[in-house]
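A.B. asks: Handing you this structure, nothing more for now.
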Amino acid sequence: MSAPSAAGRNWAGNVIFRAPRFAAPTTLDALIELVGAARAVRAVGSRHTFSALADSDDLLVSVEAIPGAVTVHAERGTASVPAGLRYAEAARQLDAAGWALGAMASLPHITVAGAIATGTHGSGDAAGSLSDAVVALDILRADGELVTVHCGDDDLAGAVVALGALGVVTRVELSVEPSYRTTQVVDRGLAWDAALDDLEAVMGSADSVSLFTRWADPERIDQVWRKTRGETAPAPLSGAHRAGEAGHPLPDGPAENCTDQTGAAGPWFERLPHFRAEFTPSHGEELQSEFFVPRDRAVEAIQAVRALVRVIEAALAPFDARPHWGKVFTADPAALAGLYPRWADVAELRERWDPRGVFRNAQLAAWGL
Ligand SMILES: Cc1cc2nc3c(=O)[nH]c(=O)nc-3n(C[C@H](O)[C@H](O)[C@H](O)COP(=O)(O)OP(=O)(O)OC[C@H]3O[C@@H](n4cnc5c(N)ncnc54)[C@H](O)[C@@H]3O)c2cc1C
């Protein structure tokens with residue numbers, strides 16, 4: 001059995017945090033004091049990242065206990081959200097005020113700051129990552145200063161998907177829009193050949209499209225989950241059949257953990273995620289990897305993975321695939337640096353914001369960050 005850890009473990013249980021201290025201050029002043037006195041600090045959210053990215057040599061700190069509510073700024077179409085709020089709660093408060101987010105991840109259990117820090121995303125041709133909605137951030141830096149970075153500031157681009165490396169985010173201002181309704185349907189058995197013949201049509205057939213497969217049937221995609229704004233569900237995909245009963249993205253997963261798939265319209269925040277907030281998403285014991293390839297090479301990349309199935313990173317290397325920062329991958333610093341034209345700018349930003357390396361940790365070092 002692993003030794004008990006002051007800072008606990010991540011959601012999947014594959015990482016026991018080594019940080020000797022964990023704190024969840026209940027006021028901003030207490031947070032400032034803690035960060036100022038610590039030798040090394042990392043912020044942690046709801047712990048859904050699959051690596052030791054959030055771990056610290058000294059203090060692991062959560063902002064979830066600092067009280068606060070969503071405040072809508074209707075005149076500028078934005079909302080201020082406490083950084084430690086989970087998306088489920090942020091969405092509930094926004095909807096109660098008549099407002100909505102444009103996108104959500106598959107699970108609403110994650111914190112706003114933790115999700116945007118790793119570039120977490122939902123799905124859909126027109127949907128950006130959750131970080132795209134950020135118009136301003138309040139960040140507590142290692143020098144004790146609480147800095148607001150706004151849209152238009154040079155540092156915003158590097159401060160949003162920052163992997164916790166610049167400081168502790170305490171507030172996020174997000175773009176919002178009037179509340180809307182959405183439908184969700186699941187089709188099964190779509191032939192790979194049909195999908196790859198016109199992938200653009202499949203991906204454009206709804207506002208959000210996710211393909212799930214175990215590769216068990218080499219010819220067919222197990223499930224296509226689609227979500228569309230409004231009251232009308234998307235038509236079945238040609239060659240696939242509409243799932244007769246509710247399911248789960250994993251073959252043996254409990255359907256009741258998932259959002260409505262009947263095609264009946266409902267509130268945006270009860271359809272955009274795949275998983276319902278009141279249940280554990282997925283199994284709680286899996287590991288996930290994820291890579292992003294340029295859209296115009298998507299068909300080739302899928303074909304390469306279909307051919308190999310298991311040796312995924314090697315198969316995706318020719319496509320300059322960028323790993324998801326919150327998931328499992330093995331790329332070394334040189335390989336990562338080659339994938340990002342502004343890699344050097346990130347190093348410069350971090351050096352300027354955190355010259356003593358208070359927010360650096362072993363995981364970031366292993367990636368050359
Ligand atoms: C079952 C499951 C399903 C998932 N589905 C999706 C999906 O649909 N789409 C997707 O893109 N990803 C998905 N993920 C990955 C997940 O969204 C990311 O790992 C996300 O970062 C988790 O957020 P968190 O609040 O748990 O952050 P944590 O894992 O706790 O932390 C992540 C990073 O954020 C930093 N951080 C946290 N809080 C703060 C703060 N206040 N200030 C500064 N930095 C901070 C941490 O230091 C760390 O670097 C999934 C993960 C799981 C387990």
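Naming scheme: A, B, ... for chains in displayed order of the structure tokens; residues 1 onward per chain; ligands 1 onward as shown.
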List as a ChimeraX atom specification the protein and nucleic acid residues lying within 7 Å of ligand 1, with only C-alpha atoms and all ligand atoms counted.

C.D. replies: /A:11-12,42-50,53-54,62-63,83-84,105-107,110-122,163-164,167-170,281-282,284,326-327

A.B. asks: I need the chosen residues saved as a PDB file, in the first residue's frame, with C-alpha atoms.

C.D. replies:
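Output (result24.pdb):
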ATOM      1  CA  TRP A  11      -8.668  11.529  -9.584  1.00  0.00           C
ATOM      2  CA  ALA A  12      -7.376   8.517 -11.501  1.00  0.00           C
ATOM      3  CA  ARG A  42       1.572  24.722  -6.936  1.00  0.00           C
ATOM      4  CA  ALA A  43      -2.154  25.304  -7.219  1.00  0.00           C
ATOM      5  CA  VAL A  44      -4.390  22.290  -7.559  1.00  0.00           C
ATOM      6  CA  GLY A  45      -7.981  22.159  -8.801  1.00  0.00           C
ATOM      7  CA  SER A  46     -10.250  19.109  -8.722  1.00  0.00           C
ATOM      8  CA  ARG A  47      -7.247  16.803  -9.455  1.00  0.00           C
ATOM      9  CA  HIS A  48      -8.526  15.383 -12.746  1.00  0.00           C
ATOM     10  CA  THR A  49      -5.168  15.717 -14.532  1.00  0.00           C
ATOM     11  CA  PHE A  50      -3.543  12.357 -15.222  1.00  0.00           C
ATOM     12  CA  LEU A  53       1.570  18.374 -13.203  1.00  0.00           C
ATOM     13  CA  ALA A  54       0.019  19.991 -10.107  1.00  0.00           C
ATOM     14  CA  SER A  62      -6.455  24.921  -3.483  1.00  0.00           C
ATOM     15  CA  VAL A  63      -8.596  28.042  -3.927  1.00  0.00           C
ATOM     16  CA  ALA A  83     -11.214  30.322 -10.006  1.00  0.00           C
ATOM     17  CA  GLY A  84     -11.879  27.304  -7.796  1.00  0.00           C
ATOM     18  CA  ALA A 105     -15.793  19.725 -21.383  1.00  0.00           C
ATOM     19  CA  SER A 106     -17.145  16.176 -21.211  1.00  0.00           C
ATOM     20  CA  LEU A 107     -17.216  16.438 -17.444  1.00  0.00           C
ATOM     21  CA  ILE A 110     -13.430  20.196 -13.039  1.00  0.00           C
ATOM     22  CA  THR A 111     -12.527  23.649 -11.716  1.00  0.00           C
ATOM     23  CA  VAL A 112     -12.533  26.649 -13.990  1.00  0.00           C
ATOM     24  CA  ALA A 113      -8.880  27.542 -13.277  1.00  0.00           C
ATOM     25  CA  GLY A 114      -7.660  23.937 -13.485  1.00  0.00           C
ATOM     26  CA  ALA A 115      -9.429  23.323 -16.782  1.00  0.00           C
ATOM     27  CA  ILE A 116      -8.274  26.422 -18.588  1.00  0.00           C
ATOM     28  CA  ALA A 117      -4.699  25.926 -17.292  1.00  0.00           C
ATOM     29  CA  THR A 118      -4.334  22.725 -19.343  1.00  0.00           C
ATOM     30  CA  GLY A 119      -6.250  23.809 -22.455  1.00  0.00           C
ATOM     31  CA  THR A 120      -9.233  21.602 -21.654  1.00  0.00           C
ATOM     32  CA  HIS A 121     -11.857  21.603 -24.389  1.00  0.00           C
ATOM     33  CA  GLY A 122     -15.265  20.392 -25.422  1.00  0.00           C
ATOM     34  CA  LEU A 163      -0.065  24.960 -16.426  1.00  0.00           C
ATOM     35  CA  GLY A 164      -0.023  26.746 -13.062  1.00  0.00           C
ATOM     36  CA  GLY A 167       1.023  31.795 -10.113  1.00  0.00           C
ATOM     37  CA  VAL A 168      -2.295  31.033  -8.455  1.00  0.00           C
ATOM     38  CA  VAL A 169      -5.350  32.132 -10.426  1.00  0.00           C
ATOM     39  CA  THR A 170      -8.034  33.507  -8.112  1.00  0.00           C
ATOM     40  CA  PRO A 281     -17.612  10.519 -14.770  1.00  0.00           C
ATOM     41  CA  SER A 282     -16.218   7.465 -16.445  1.00  0.00           C
ATOM     42  CA  GLY A 284     -12.415   6.585 -11.953  1.00  0.00           C
ATOM     43  CA  GLY A 326      -3.762  17.224 -18.641  1.00  0.00           C
ATOM     44  CA  LYS A 327      -3.289  13.691 -19.956  1.00  0.00           C
TER      45      LYS A 327
END

A.B. asks: Excluding Ala240 (chain A) and residues on its chain fewer than 4 positions from it, collect all residues at most 7 Å away from it, counting only C-alpha atoms, and give them as a PyMOL selection string.

C.D. replies: chain A and resi 187-190+236

A.B. asks: Go through A:Val186, A:Leu349, A:Ala233, A:Ile66 and flag the residue nearest Leu85 (chain A), using only C-alpha atoms for the distances.

C.D. replies: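 For Leu85 (chain A), the nearest of the candidates is A:Ile66.
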
A.B. asks: Running DSSP on the backbone, which parts of region 19-184 of chain A land in strand (DSSP E or B), as a VMD selection string?

C.D. replies: chain A and resid 21 to 23 41 to 43 59 to 61 71 to 73 78 to 82 86 99 to 100 111 134 to 140 146 to 150 168 to 175 177 to 178 181 to 184

A.B. asks: Need to verify the contact set: region 272-278 of chain A, 10 Å, only C-alpha atoms, exclusion of same-chain residues closer than 2 positions in sequence. Can you return it as a ChimeraX atom specification?

C.D. replies: /A:86-89,101-110,122-123,181-184,207-208,210,225-229,248-249,255-261,266-270,280-282
